[in-house]
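Worksheet for the structure shown next.
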Amino acid sequence: MKRFIPAIISALLLFGCSSKQIEQVDILIQHANVIDVNTGKVSTDMSLGIRNDSIVYIGGGSSNHSAMQTIDATGKYVIPGLWDMHVHFRGGDELIAENKNLLPLFIANGITGVREAGGDMTSEIFKWQSEIENGSLIGPKIYTSGPKLDGPRATWAGSIPVVTKEDAVIAIDSLEQMNVDFIKLYDSRITKEAYIWILEEAERRGIRTSGHMPFTVMLEDAVTAGLGSVEHLYYILKGSSSAEQKVTDDNINRKAGFWGSMTTLMDTYSEEQAQKTFKMLVDNDTYVTPTMHIGNTLSYLDRDDHSNDEYLQYIGNGIIETYQGRIRSAARASEDFVAMRHRLNTAFKNLVPKMSAAGVSLLAGSDSGASNSYTYQGISLHQELAALVEAGLSPLEALKAATINGAKFLRVEDFYGSLEVGKSGDILILDDNPLDDITNTQKINTLVLHSKTYSSADLKAMLDSMEK
Ligand SMILES: [Zn+2]
């Protein structure tokens, strides 16, 4: 027996040593209600320890950790930092500074990560990203697609044109060289062939894709070619129509265009087709970003007065100027077109809870960015969550769309998206339960970002400092 004692002692010493290391944390949150975004389970009276950028401890009751900072979270609710899964940084060289200035708006709203869905300032974004990482700039973690892929003479500046199969390979080579996080496809000029080639090439290389979709393509063809996430609901509506093939053919033969197809698609909505489509999305692990809030905003530019919006004071004048594009086209729109957009907005709203019930993974995305009028950085993600719930999602489903689903889409769920030991310590402590009322995501008591805490007063001061 005796010879085992040294082994036992050294094992005890080892154990003691490692548990001593664990006992030291940067931040210890005590007596918190911790929300599991995967299940909706709320664990009460929990302690949560954060060291460096990670959660190193979660346990019930009080703990014996020594911490640089202790937070009593009695009556409060802890969730992961929120992610806005569809934003843009864009507007040309003269708007680079204004775009950069927007970054604290995300943090002031508890948004610790964004998926940047294509623009024209990719090299700047990479600079911001390293400044954010080394702590010299305050902003969210940015995942970017870099420039969009589209056809020649594309609508959005900075897009890379793809016409041939070789173009698709060269374009994806250049995106890989830039080290982008996923590929964004756009549908202003791209042919159906080029669109599918890009998807197939990206799929071959294991790169995530996200996109609009030309109406010359059947939704199922895009999804089975590998489209990772469908941005906006036009394409889901198309795939839910019993006339999708005819609408597609009419678009190929130029008998109909994108907007001209919408009434037909709404008139031919088929519950059976929709359910088939939802199942196809689930089977292919394809995500959908409904962007409801910007839909609500842009569909009603004819009716709503935004001149007194609180957030205008935080947005640069150059970016506000870009809002004029959509404002002018709304003013030019015919009465019939305006009525169609209102109807379309309702049709989209109806799709949201049906997709969720069918098991489709949804992403919460605001589409905030230059040119996207009155959809303000940061706050618009909370407005998106509210719009998703108003459409019929449960608060938990909405919360998933802004946390774990985004991490899964980007394939970083081993570190992001939920509160677990070993995962990111970027978290929010909320004053009230977001599962009771999703607008409680706005009641931020404390944000923990890179092991630094920001009280609600700090976040308010951050906002105030941005006033023009
Ligand atoms: Zn967008």
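To be explicit about the labels: the chains of the structure tokens are called A, B, and onward in the order shown, and within each one the residues are counted from 1, while ligands get numbers from 1 in the order they are shown.
Residues of region 102-302 of chain A assigned to strand (DSSP E or B) by DSSP on this structure's backbone: Ile111, Thr112, Gly113, Val114, Arg115, Glu116, Lys141, Ile142, Tyr143, Thr144, Leu149, Asp150, Ile160, Pro161, Ile183, Lys184, Leu185, Thr209, Ser210, Gly211, Ser229, Val230, Glu231, Ser241, Tyr269, Tyr287, Val288 and Thr289 of chain A.
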Would you mind exporting N, CA and C atoms of the selected residues as a PDB file, in the first residue's frame?
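This went into again23.pdb:
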```
ATOM      1  N   ILE A 111     -24.132  44.340 -28.577  1.00  0.00           N
ATOM      2  CA  ILE A 111     -23.879  43.478 -29.737  1.00  0.00           C
ATOM      3  C   ILE A 111     -22.373  43.275 -29.862  1.00  0.00           C
ATOM      4  N   THR A 112     -21.945  42.060 -29.556  1.00  0.00           N
ATOM      5  CA  THR A 112     -20.511  41.783 -29.458  1.00  0.00           C
ATOM      6  C   THR A 112     -19.973  41.126 -30.719  1.00  0.00           C
ATOM      7  N   GLY A 113     -20.861  40.807 -31.662  1.00  0.00           N
ATOM      8  CA  GLY A 113     -20.412  40.215 -32.923  1.00  0.00           C
ATOM      9  C   GLY A 113     -21.335  40.621 -34.059  1.00  0.00           C
ATOM     10  N   VAL A 114     -20.753  40.807 -35.249  1.00  0.00           N
ATOM     11  CA  VAL A 114     -21.571  41.087 -36.443  1.00  0.00           C
ATOM     12  C   VAL A 114     -21.063  40.258 -37.610  1.00  0.00           C
ATOM     13  N   ARG A 115     -21.999  39.905 -38.470  1.00  0.00           N
ATOM     14  CA  ARG A 115     -21.626  39.291 -39.750  1.00  0.00           C
ATOM     15  C   ARG A 115     -21.807  40.364 -40.817  1.00  0.00           C
ATOM     16  N   GLU A 116     -20.704  40.778 -41.423  1.00  0.00           N
ATOM     17  CA  GLU A 116     -20.737  41.865 -42.405  1.00  0.00           C
ATOM     18  C   GLU A 116     -20.972  41.254 -43.773  1.00  0.00           C
ATOM     19  N   LYS A 141     -16.806  41.881 -32.615  1.00  0.00           N
ATOM     20  CA  LYS A 141     -16.056  40.965 -33.471  1.00  0.00           C
ATOM     21  C   LYS A 141     -16.740  40.969 -34.830  1.00  0.00           C
ATOM     22  N   ILE A 142     -15.951  41.123 -35.885  1.00  0.00           N
ATOM     23  CA  ILE A 142     -16.537  41.241 -37.227  1.00  0.00           C
ATOM     24  C   ILE A 142     -16.177  40.017 -38.064  1.00  0.00           C
ATOM     25  N   TYR A 143     -17.191  39.353 -38.570  1.00  0.00           N
ATOM     26  CA  TYR A 143     -16.993  38.329 -39.586  1.00  0.00           C
ATOM     27  C   TYR A 143     -17.420  38.960 -40.900  1.00  0.00           C
ATOM     28  N   THR A 144     -16.547  38.934 -41.895  1.00  0.00           N
ATOM     29  CA  THR A 144     -16.893  39.628 -43.138  1.00  0.00           C
ATOM     30  C   THR A 144     -16.804  38.732 -44.360  1.00  0.00           C
ATOM     31  N   LEU A 149     -20.088  38.956 -54.569  1.00  0.00           N
ATOM     32  CA  LEU A 149     -19.954  38.418 -55.922  1.00  0.00           C
ATOM     33  C   LEU A 149     -21.275  38.657 -56.649  1.00  0.00           C
ATOM     34  N   ASP A 150     -21.177  39.163 -57.866  1.00  0.00           N
ATOM     35  CA  ASP A 150     -22.374  39.511 -58.644  1.00  0.00           C
ATOM     36  C   ASP A 150     -22.002  39.408 -60.119  1.00  0.00           C
ATOM     37  N   ILE A 160     -17.401  41.931 -57.029  1.00  0.00           N
ATOM     38  CA  ILE A 160     -16.535  41.267 -58.007  1.00  0.00           C
ATOM     39  C   ILE A 160     -17.433  40.605 -59.061  1.00  0.00           C
ATOM     40  N   PRO A 161     -17.229  40.937 -60.354  1.00  0.00           N
ATOM     41  CA  PRO A 161     -18.079  40.359 -61.393  1.00  0.00           C
ATOM     42  C   PRO A 161     -17.685  38.921 -61.730  1.00  0.00           C
ATOM     43  N   ILE A 183     -18.760  33.777 -48.117  1.00  0.00           N
ATOM     44  CA  ILE A 183     -18.940  34.420 -49.420  1.00  0.00           C
ATOM     45  C   ILE A 183     -20.374  34.936 -49.529  1.00  0.00           C
ATOM     46  N   LYS A 184     -20.497  36.191 -49.983  1.00  0.00           N
ATOM     47  CA  LYS A 184     -21.829  36.766 -50.158  1.00  0.00           C
ATOM     48  C   LYS A 184     -22.132  36.886 -51.653  1.00  0.00           C
ATOM     49  N   LEU A 185     -23.254  36.326 -52.049  1.00  0.00           N
ATOM     50  CA  LEU A 185     -23.689  36.425 -53.442  1.00  0.00           C
ATOM     51  C   LEU A 185     -24.820  37.438 -53.544  1.00  0.00           C
ATOM     52  N   THR A 209     -21.502  30.080 -47.689  1.00  0.00           N
ATOM     53  CA  THR A 209     -22.060  31.091 -48.587  1.00  0.00           C
ATOM     54  C   THR A 209     -23.358  31.633 -48.012  1.00  0.00           C
ATOM     55  N   SER A 210     -23.666  32.846 -48.442  1.00  0.00           N
ATOM     56  CA  SER A 210     -24.876  33.504 -47.985  1.00  0.00           C
ATOM     57  C   SER A 210     -25.312  34.388 -49.128  1.00  0.00           C
ATOM     58  N   GLY A 211     -26.624  34.502 -49.345  1.00  0.00           N
ATOM     59  CA  GLY A 211     -26.944  35.354 -50.477  1.00  0.00           C
ATOM     60  C   GLY A 211     -28.392  35.677 -50.734  1.00  0.00           C
ATOM     61  N   SER A 229     -26.885  30.378 -46.346  1.00  0.00           N
ATOM     62  CA  SER A 229     -27.975  31.133 -45.725  1.00  0.00           C
ATOM     63  C   SER A 229     -28.659  32.007 -46.765  1.00  0.00           C
ATOM     64  N   VAL A 230     -29.979  32.057 -46.660  1.00  0.00           N
ATOM     65  CA  VAL A 230     -30.804  32.834 -47.572  1.00  0.00           C
ATOM     66  C   VAL A 230     -31.094  34.161 -46.890  1.00  0.00           C
ATOM     67  N   GLU A 231     -30.664  35.260 -47.527  1.00  0.00           N
ATOM     68  CA  GLU A 231     -30.879  36.582 -46.935  1.00  0.00           C
ATOM     69  C   GLU A 231     -32.189  37.172 -47.453  1.00  0.00           C
ATOM     70  N   SER A 241     -44.178  29.034 -53.513  1.00  0.00           N
ATOM     71  CA  SER A 241     -45.236  29.258 -54.502  1.00  0.00           C
ATOM     72  C   SER A 241     -45.422  28.014 -55.356  1.00  0.00           C
ATOM     73  N   TYR A 269     -49.149  31.370 -53.316  1.00  0.00           N
ATOM     74  CA  TYR A 269     -48.560  30.758 -52.112  1.00  0.00           C
ATOM     75  C   TYR A 269     -49.276  29.443 -51.836  1.00  0.00           C
ATOM     76  N   TYR A 287     -29.660  28.176 -43.559  1.00  0.00           N
ATOM     77  CA  TYR A 287     -30.195  29.160 -42.623  1.00  0.00           C
ATOM     78  C   TYR A 287     -30.980  30.227 -43.383  1.00  0.00           C
ATOM     79  N   VAL A 288     -31.846  30.927 -42.667  1.00  0.00           N
ATOM     80  CA  VAL A 288     -32.616  32.011 -43.274  1.00  0.00           C
ATOM     81  C   VAL A 288     -32.544  33.244 -42.374  1.00  0.00           C
ATOM     82  N   THR A 289     -32.237  34.391 -42.990  1.00  0.00           N
ATOM     83  CA  THR A 289     -32.195  35.661 -42.271  1.00  0.00           C
ATOM     84  C   THR A 289     -33.391  36.502 -42.715  1.00  0.00           C
TER      85      THR A 289
END
```
Environment of ligand 1 within 9 Å, counting only C-alpha atoms and all ligand atoms, reported as a list in words: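 For ligand 1, the residues inside 9 Å are His86, Val87, His88, Glu116, Ala117, Gly118, Gly211, His212, Glu231, His232, Thr291, Gly365, Ser366, Asp367, Ser368, Gly369 and Asn372 of chain A.
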Write out as a PDB file with N, CA and C atoms, in the first residue's frame all residues of region 272-379 of chain A that DSSP puts in alpha helix (DSSP H) for this structure's backbone.
```pdb
ATOM      1  N   GLU A 272     -48.613  23.615 -48.889  1.00  0.00           N
ATOM      2  CA  GLU A 272     -47.945  22.330 -49.115  1.00  0.00           C
ATOM      3  C   GLU A 272     -46.540  22.555 -49.679  1.00  0.00           C
ATOM      4  N   GLN A 273     -46.447  23.467 -50.656  1.00  0.00           N
ATOM      5  CA  GLN A 273     -45.147  23.776 -51.259  1.00  0.00           C
ATOM      6  C   GLN A 273     -44.217  24.410 -50.215  1.00  0.00           C
ATOM      7  N   ALA A 274     -44.804  25.300 -49.400  1.00  0.00           N
ATOM      8  CA  ALA A 274     -44.002  25.978 -48.373  1.00  0.00           C
ATOM      9  C   ALA A 274     -43.408  24.943 -47.416  1.00  0.00           C
ATOM     10  N   GLN A 275     -44.231  24.000 -46.965  1.00  0.00           N
ATOM     11  CA  GLN A 275     -43.733  22.996 -46.016  1.00  0.00           C
ATOM     12  C   GLN A 275     -42.652  22.132 -46.647  1.00  0.00           C
ATOM     13  N   LYS A 276     -42.822  21.827 -47.928  1.00  0.00           N
ATOM     14  CA  LYS A 276     -41.804  21.058 -48.657  1.00  0.00           C
ATOM     15  C   LYS A 276     -40.480  21.829 -48.691  1.00  0.00           C
ATOM     16  N   THR A 277     -40.617  23.124 -48.960  1.00  0.00           N
ATOM     17  CA  THR A 277     -39.437  23.989 -49.030  1.00  0.00           C
ATOM     18  C   THR A 277     -38.752  24.086 -47.667  1.00  0.00           C
ATOM     19  N   PHE A 278     -39.545  24.262 -46.610  1.00  0.00           N
ATOM     20  CA  PHE A 278     -38.956  24.362 -45.268  1.00  0.00           C
ATOM     21  C   PHE A 278     -38.188  23.083 -44.930  1.00  0.00           C
ATOM     22  N   LYS A 279     -38.767  21.948 -45.298  1.00  0.00           N
ATOM     23  CA  LYS A 279     -38.107  20.668 -45.008  1.00  0.00           C
ATOM     24  C   LYS A 279     -36.794  20.570 -45.787  1.00  0.00           C
ATOM     25  N   MET A 280     -36.846  21.045 -47.024  1.00  0.00           N
ATOM     26  CA  MET A 280     -35.640  21.036 -47.867  1.00  0.00           C
ATOM     27  C   MET A 280     -34.549  21.918 -47.230  1.00  0.00           C
ATOM     28  N   LEU A 281     -34.944  23.056 -46.669  1.00  0.00           N
ATOM     29  CA  LEU A 281     -33.975  23.938 -45.998  1.00  0.00           C
ATOM     30  C   LEU A 281     -33.375  23.235 -44.776  1.00  0.00           C
ATOM     31  N   VAL A 282     -34.236  22.579 -44.007  1.00  0.00           N
ATOM     32  CA  VAL A 282     -33.765  21.867 -42.810  1.00  0.00           C
ATOM     33  C   VAL A 282     -32.813  20.731 -43.217  1.00  0.00           C
ATOM     34  N   ASP A 283     -33.222  19.958 -44.215  1.00  0.00           N
ATOM     35  CA  ASP A 283     -32.411  18.805 -44.646  1.00  0.00           C
ATOM     36  C   ASP A 283     -31.030  19.234 -45.137  1.00  0.00           C
ATOM     37  N   MET A 292     -36.713  41.309 -40.814  1.00  0.00           N
ATOM     38  CA  MET A 292     -38.078  41.840 -40.690  1.00  0.00           C
ATOM     39  C   MET A 292     -38.110  43.339 -40.389  1.00  0.00           C
ATOM     40  N   HIS A 293     -37.200  43.792 -39.524  1.00  0.00           N
ATOM     41  CA  HIS A 293     -37.276  45.196 -39.111  1.00  0.00           C
ATOM     42  C   HIS A 293     -37.020  46.137 -40.280  1.00  0.00           C
ATOM     43  N   ILE A 294     -36.000  45.840 -41.081  1.00  0.00           N
ATOM     44  CA  ILE A 294     -35.754  46.741 -42.218  1.00  0.00           C
ATOM     45  C   ILE A 294     -36.901  46.635 -43.223  1.00  0.00           C
ATOM     46  N   GLY A 295     -37.492  45.446 -43.321  1.00  0.00           N
ATOM     47  CA  GLY A 295     -38.678  45.302 -44.184  1.00  0.00           C
ATOM     48  C   GLY A 295     -39.806  46.196 -43.699  1.00  0.00           C
ATOM     49  N   ASN A 296     -40.047  46.169 -42.394  1.00  0.00           N
ATOM     50  CA  ASN A 296     -41.090  47.033 -41.819  1.00  0.00           C
ATOM     51  C   ASN A 296     -40.769  48.503 -42.081  1.00  0.00           C
ATOM     52  N   THR A 297     -39.487  48.851 -42.005  1.00  0.00           N
ATOM     53  CA  THR A 297     -39.084  50.251 -42.163  1.00  0.00           C
ATOM     54  C   THR A 297     -39.216  50.696 -43.623  1.00  0.00           C
ATOM     55  N   LEU A 298     -38.629  49.918 -44.533  1.00  0.00           N
ATOM     56  CA  LEU A 298     -38.609  50.348 -45.941  1.00  0.00           C
ATOM     57  C   LEU A 298     -39.979  50.228 -46.602  1.00  0.00           C
ATOM     58  N   SER A 299     -40.780  49.266 -46.153  1.00  0.00           N
ATOM     59  CA  SER A 299     -42.107  49.103 -46.766  1.00  0.00           C
ATOM     60  C   SER A 299     -43.037  50.253 -46.412  1.00  0.00           C
ATOM     61  N   ASN A 317     -23.341  62.458 -41.089  1.00  0.00           N
ATOM     62  CA  ASN A 317     -24.161  63.114 -42.109  1.00  0.00           C
ATOM     63  C   ASN A 317     -23.989  62.497 -43.492  1.00  0.00           C
ATOM     64  N   GLY A 318     -22.783  61.999 -43.761  1.00  0.00           N
ATOM     65  CA  GLY A 318     -22.555  61.364 -45.061  1.00  0.00           C
ATOM     66  C   GLY A 318     -23.412  60.109 -45.203  1.00  0.00           C
ATOM     67  N   ILE A 319     -23.524  59.334 -44.147  1.00  0.00           N
ATOM     68  CA  ILE A 319     -24.346  58.112 -44.195  1.00  0.00           C
ATOM     69  C   ILE A 319     -25.835  58.489 -44.257  1.00  0.00           C
ATOM     70  N   ILE A 320     -26.217  59.507 -43.503  1.00  0.00           N
ATOM     71  CA  ILE A 320     -27.626  59.941 -43.560  1.00  0.00           C
ATOM     72  C   ILE A 320     -27.978  60.386 -44.980  1.00  0.00           C
ATOM     73  N   GLU A 321     -27.021  61.001 -45.648  1.00  0.00           N
ATOM     74  CA  GLU A 321     -27.241  61.425 -47.030  1.00  0.00           C
ATOM     75  C   GLU A 321     -27.567  60.218 -47.930  1.00  0.00           C
ATOM     76  N   THR A 322     -26.913  59.069 -47.642  1.00  0.00           N
ATOM     77  CA  THR A 322     -27.168  57.879 -48.481  1.00  0.00           C
ATOM     78  C   THR A 322     -28.598  57.355 -48.293  1.00  0.00           C
ATOM     79  N   GLN A 324     -31.133  58.956 -48.739  1.00  0.00           N
ATOM     80  CA  GLN A 324     -31.988  59.610 -49.730  1.00  0.00           C
ATOM     81  C   GLN A 324     -32.340  58.694 -50.898  1.00  0.00           C
ATOM     82  N   GLY A 325     -31.445  57.773 -51.255  1.00  0.00           N
ATOM     83  CA  GLY A 325     -31.701  56.892 -52.396  1.00  0.00           C
ATOM     84  C   GLY A 325     -33.028  56.164 -52.254  1.00  0.00           C
ATOM     85  N   ARG A 326     -33.205  55.489 -51.125  1.00  0.00           N
ATOM     86  CA  ARG A 326     -34.440  54.713 -50.927  1.00  0.00           C
ATOM     87  C   ARG A 326     -35.632  55.630 -50.661  1.00  0.00           C
ATOM     88  N   ILE A 327     -35.347  56.792 -50.044  1.00  0.00           N
ATOM     89  CA  ILE A 327     -36.441  57.731 -49.776  1.00  0.00           C
ATOM     90  C   ILE A 327     -36.996  58.253 -51.101  1.00  0.00           C
ATOM     91  N   ARG A 328     -36.082  58.565 -52.023  1.00  0.00           N
ATOM     92  CA  ARG A 328     -36.518  59.068 -53.332  1.00  0.00           C
ATOM     93  C   ARG A 328     -37.291  57.997 -54.094  1.00  0.00           C
ATOM     94  N   SER A 329     -36.787  56.751 -54.073  1.00  0.00           N
ATOM     95  CA  SER A 329     -37.531  55.744 -54.848  1.00  0.00           C
ATOM     96  C   SER A 329     -38.885  55.448 -54.203  1.00  0.00           C
ATOM     97  N   ALA A 330     -38.968  55.554 -52.873  1.00  0.00           N
ATOM     98  CA  ALA A 330     -40.283  55.378 -52.232  1.00  0.00           C
ATOM     99  C   ALA A 330     -41.231  56.492 -52.666  1.00  0.00           C
ATOM    100  N   ALA A 331     -40.706  57.705 -52.795  1.00  0.00           N
ATOM    101  CA  ALA A 331     -41.557  58.838 -53.192  1.00  0.00           C
ATOM    102  C   ALA A 331     -42.029  58.698 -54.638  1.00  0.00           C
ATOM    103  N   ARG A 332     -41.196  58.055 -55.459  1.00  0.00           N
ATOM    104  CA  ARG A 332     -41.532  57.868 -56.883  1.00  0.00           C
ATOM    105  C   ARG A 332     -42.481  56.694 -57.107  1.00  0.00           C
ATOM    106  N   GLU A 335     -48.865  54.011 -56.470  1.00  0.00           N
ATOM    107  CA  GLU A 335     -49.754  53.555 -55.391  1.00  0.00           C
ATOM    108  C   GLU A 335     -49.840  52.023 -55.362  1.00  0.00           C
ATOM    109  N   ASP A 336     -49.898  51.431 -56.540  1.00  0.00           N
ATOM    110  CA  ASP A 336     -49.990  49.976 -56.635  1.00  0.00           C
ATOM    111  C   ASP A 336     -48.740  49.315 -56.050  1.00  0.00           C
ATOM    112  N   PHE A 337     -47.585  49.912 -56.359  1.00  0.00           N
ATOM    113  CA  PHE A 337     -46.335  49.332 -55.858  1.00  0.00           C
ATOM    114  C   PHE A 337     -46.277  49.419 -54.337  1.00  0.00           C
ATOM    115  N   VAL A 338     -46.684  50.573 -53.815  1.00  0.00           N
ATOM    116  CA  VAL A 338     -46.685  50.748 -52.350  1.00  0.00           C
ATOM    117  C   VAL A 338     -47.615  49.721 -51.704  1.00  0.00           C
ATOM    118  N   ALA A 339     -48.784  49.540 -52.297  1.00  0.00           N
ATOM    119  CA  ALA A 339     -49.744  48.568 -51.745  1.00  0.00           C
ATOM    120  C   ALA A 339     -49.169  47.155 -51.815  1.00  0.00           C
ATOM    121  N   MET A 340     -48.472  46.862 -52.914  1.00  0.00           N
ATOM    122  CA  MET A 340     -47.861  45.537 -53.069  1.00  0.00           C
ATOM    123  C   MET A 340     -46.810  45.313 -51.972  1.00  0.00           C
ATOM    124  N   ARG A 341     -46.006  46.341 -51.701  1.00  0.00           N
ATOM    125  CA  ARG A 341     -44.968  46.191 -50.661  1.00  0.00           C
ATOM    126  C   ARG A 341     -45.576  45.983 -49.275  1.00  0.00           C
ATOM    127  N   HIS A 342     -46.666  46.679 -49.025  1.00  0.00           N
ATOM    128  CA  HIS A 342     -47.334  46.468 -47.731  1.00  0.00           C
ATOM    129  C   HIS A 342     -47.815  45.016 -47.620  1.00  0.00           C
ATOM    130  N   ARG A 343     -48.398  44.528 -48.704  1.00  0.00           N
ATOM    131  CA  ARG A 343     -48.915  43.160 -48.702  1.00  0.00           C
ATOM    132  C   ARG A 343     -47.770  42.150 -48.549  1.00  0.00           C
ATOM    133  N   LEU A 344     -46.663  42.456 -49.241  1.00  0.00           N
ATOM    134  CA  LEU A 344     -45.488  41.594 -49.193  1.00  0.00           C
ATOM    135  C   LEU A 344     -44.941  41.500 -47.766  1.00  0.00           C
ATOM    136  N   ASN A 345     -44.938  42.635 -47.105  1.00  0.00           N
ATOM    137  CA  ASN A 345     -44.433  42.675 -45.732  1.00  0.00           C
ATOM    138  C   ASN A 345     -45.253  41.736 -44.835  1.00  0.00           C
ATOM    139  N   THR A 346     -46.550  41.731 -45.038  1.00  0.00           N
ATOM    140  CA  THR A 346     -47.430  40.838 -44.270  1.00  0.00           C
ATOM    141  C   THR A 346     -47.173  39.375 -44.651  1.00  0.00           C
ATOM    142  N   ALA A 347     -46.961  39.138 -45.933  1.00  0.00           N
ATOM    143  CA  ALA A 347     -46.685  37.757 -46.383  1.00  0.00           C
ATOM    144  C   ALA A 347     -45.406  37.240 -45.733  1.00  0.00           C
ATOM    145  N   PHE A 348     -44.398  38.098 -45.641  1.00  0.00           N
ATOM    146  CA  PHE A 348     -43.133  37.701 -45.005  1.00  0.00           C
ATOM    147  C   PHE A 348     -43.349  37.375 -43.520  1.00  0.00           C
ATOM    148  N   LYS A 349     -44.147  38.238 -42.891  1.00  0.00           N
ATOM    149  CA  LYS A 349     -44.438  38.047 -41.472  1.00  0.00           C
ATOM    150  C   LYS A 349     -45.055  36.669 -41.225  1.00  0.00           C
ATOM    151  N   ASN A 350     -45.911  36.251 -42.143  1.00  0.00           N
ATOM    152  CA  ASN A 350     -46.565  34.952 -41.987  1.00  0.00           C
ATOM    153  C   ASN A 350     -45.592  33.784 -42.147  1.00  0.00           C
ATOM    154  N   LEU A 351     -44.530  34.006 -42.931  1.00  0.00           N
ATOM    155  CA  LEU A 351     -43.571  32.916 -43.161  1.00  0.00           C
ATOM    156  C   LEU A 351     -42.725  32.612 -41.925  1.00  0.00           C
ATOM    157  N   VAL A 352     -42.441  33.655 -41.131  1.00  0.00           N
ATOM    158  CA  VAL A 352     -41.453  33.519 -40.052  1.00  0.00           C
ATOM    159  C   VAL A 352     -41.808  32.419 -39.041  1.00  0.00           C
ATOM    160  N   PRO A 353     -42.996  32.458 -38.427  1.00  0.00           N
ATOM    161  CA  PRO A 353     -43.282  31.407 -37.434  1.00  0.00           C
ATOM    162  C   PRO A 353     -43.431  30.030 -38.072  1.00  0.00           C
ATOM    163  N   LYS A 354     -43.852  29.988 -39.334  1.00  0.00           N
ATOM    164  CA  LYS A 354     -43.995  28.690 -40.014  1.00  0.00           C
ATOM    165  C   LYS A 354     -42.643  28.051 -40.246  1.00  0.00           C
ATOM    166  N   MET A 355     -41.679  28.871 -40.659  1.00  0.00           N
ATOM    167  CA  MET A 355     -40.321  28.333 -40.860  1.00  0.00           C
ATOM    168  C   MET A 355     -39.774  27.802 -39.545  1.00  0.00           C
ATOM    169  N   SER A 356     -39.967  28.593 -38.505  1.00  0.00           N
ATOM    170  CA  SER A 356     -39.425  28.205 -37.207  1.00  0.00           C
ATOM    171  C   SER A 356     -40.065  26.908 -36.719  1.00  0.00           C
ATOM    172  N   ALA A 357     -41.382  26.820 -36.875  1.00  0.00           N
ATOM    173  CA  ALA A 357     -42.086  25.604 -36.442  1.00  0.00           C
ATOM    174  C   ALA A 357     -41.604  24.385 -37.216  1.00  0.00           C
ATOM    175  N   ILE A 379     -29.052  49.366 -32.356  1.00  0.00           N
ATOM    176  CA  ILE A 379     -30.437  49.293 -31.869  1.00  0.00           C
ATOM    177  C   ILE A 379     -31.321  48.460 -32.815  1.00  0.00           C
TER     178      ILE A 379
END
```
Computed interatomic separation between CA of Met178 (chain A) and CA of Leu219 (chain A) (Å):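 Computing the Euclidean distance for CA of Met178 (chain A) and CA of Leu219 (chain A) yields 29.0 Å.
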Residue nearest Gly239 (chain A) - candidates A:Met213, A:Ala407, A:Ile138, A:Ile170, atoms counted: only C-alpha atoms: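 Residue with the minimum atom-to-atom distance to Gly239 (chain A): A:Met213.
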Length of the CA of Phe106 (chain A) to CA of Ser361 (chain A) vector [Å]: 23.4 Å
Asp45 (chain A) surroundings by only C-alpha atoms, 12 Å radius, close-in-sequence under 5 positions cut, as number ranges by chain: A: 29-35, 58-63, 72-78
Export of the given selection (N, CA and C atoms) as a short mmCIF file (atom, residue, chain, number, x, y, z; two decimals), in the first residue's frame:
```cif
data_model
loop_
_atom_site.label_atom_id
_atom_site.label_comp_id
_atom_site.auth_asym_id
_atom_site.auth_seq_id
_atom_site.Cartn_x
_atom_site.Cartn_y
_atom_site.Cartn_z
N ILE A 29 -19.41 36.63 -11.39
CA ILE A 29 -20.80 37.08 -11.34
C ILE A 29 -21.53 36.12 -10.41
N GLN A 30 -22.23 36.65 -9.41
CA GLN A 30 -22.86 35.78 -8.42
C GLN A 30 -24.38 35.96 -8.38
N HIS A 31 -25.05 34.90 -7.96
CA HIS A 31 -26.51 34.91 -7.74
C HIS A 31 -27.28 35.26 -9.01
N ALA A 32 -26.77 34.84 -10.15
CA ALA A 32 -27.39 35.21 -11.43
C ALA A 32 -28.37 34.14 -11.89
N ASN A 33 -29.35 34.58 -12.68
CA ASN A 33 -30.17 33.65 -13.44
C ASN A 33 -29.46 33.47 -14.79
N VAL A 34 -29.04 32.24 -15.07
CA VAL A 34 -28.28 31.99 -16.30
C VAL A 34 -29.19 31.31 -17.33
N ILE A 35 -29.27 31.92 -18.50
CA ILE A 35 -30.16 31.40 -19.55
C ILE A 35 -29.39 30.51 -20.51
N ILE A 58 -18.92 27.79 -14.20
CA ILE A 58 -20.35 28.04 -13.99
C ILE A 58 -20.81 27.04 -12.95
N GLY A 59 -21.41 27.51 -11.89
CA GLY A 59 -21.87 26.57 -10.88
C GLY A 59 -22.97 27.17 -10.01
N GLY A 60 -23.67 26.28 -9.31
CA GLY A 60 -24.76 26.74 -8.46
C GLY A 60 -24.26 27.32 -7.14
N GLY A 61 -25.03 28.22 -6.58
CA GLY A 61 -24.72 28.78 -5.26
C GLY A 61 -23.50 29.68 -5.31
N SER A 62 -22.94 29.93 -4.11
CA SER A 62 -21.78 30.81 -4.09
C SER A 62 -20.54 29.98 -4.41
N SER A 63 -19.46 30.63 -4.78
CA SER A 63 -18.24 29.91 -5.11
C SER A 63 -17.10 30.50 -4.30
N ASP A 72 -22.72 41.32 -8.11
CA ASP A 72 -23.91 40.68 -7.56
C ASP A 72 -25.04 40.82 -8.58
N ALA A 73 -25.43 39.70 -9.16
CA ALA A 73 -26.44 39.73 -10.21
C ALA A 73 -27.79 39.20 -9.70
N THR A 74 -28.07 39.41 -8.44
CA THR A 74 -29.35 38.95 -7.87
C THR A 74 -30.51 39.54 -8.68
N GLY A 75 -31.39 38.66 -9.13
CA GLY A 75 -32.58 39.12 -9.87
C GLY A 75 -32.30 39.44 -11.34
N LYS A 76 -31.06 39.23 -11.76
CA LYS A 76 -30.71 39.58 -13.15
C LYS A 76 -30.48 38.32 -14.00
N TYR A 77 -30.40 38.53 -15.30
CA TYR A 77 -30.37 37.40 -16.25
C TYR A 77 -29.15 37.51 -17.15
N VAL A 78 -28.42 36.41 -17.26
CA VAL A 78 -27.20 36.42 -18.08
C VAL A 78 -27.45 35.69 -19.40
#
```
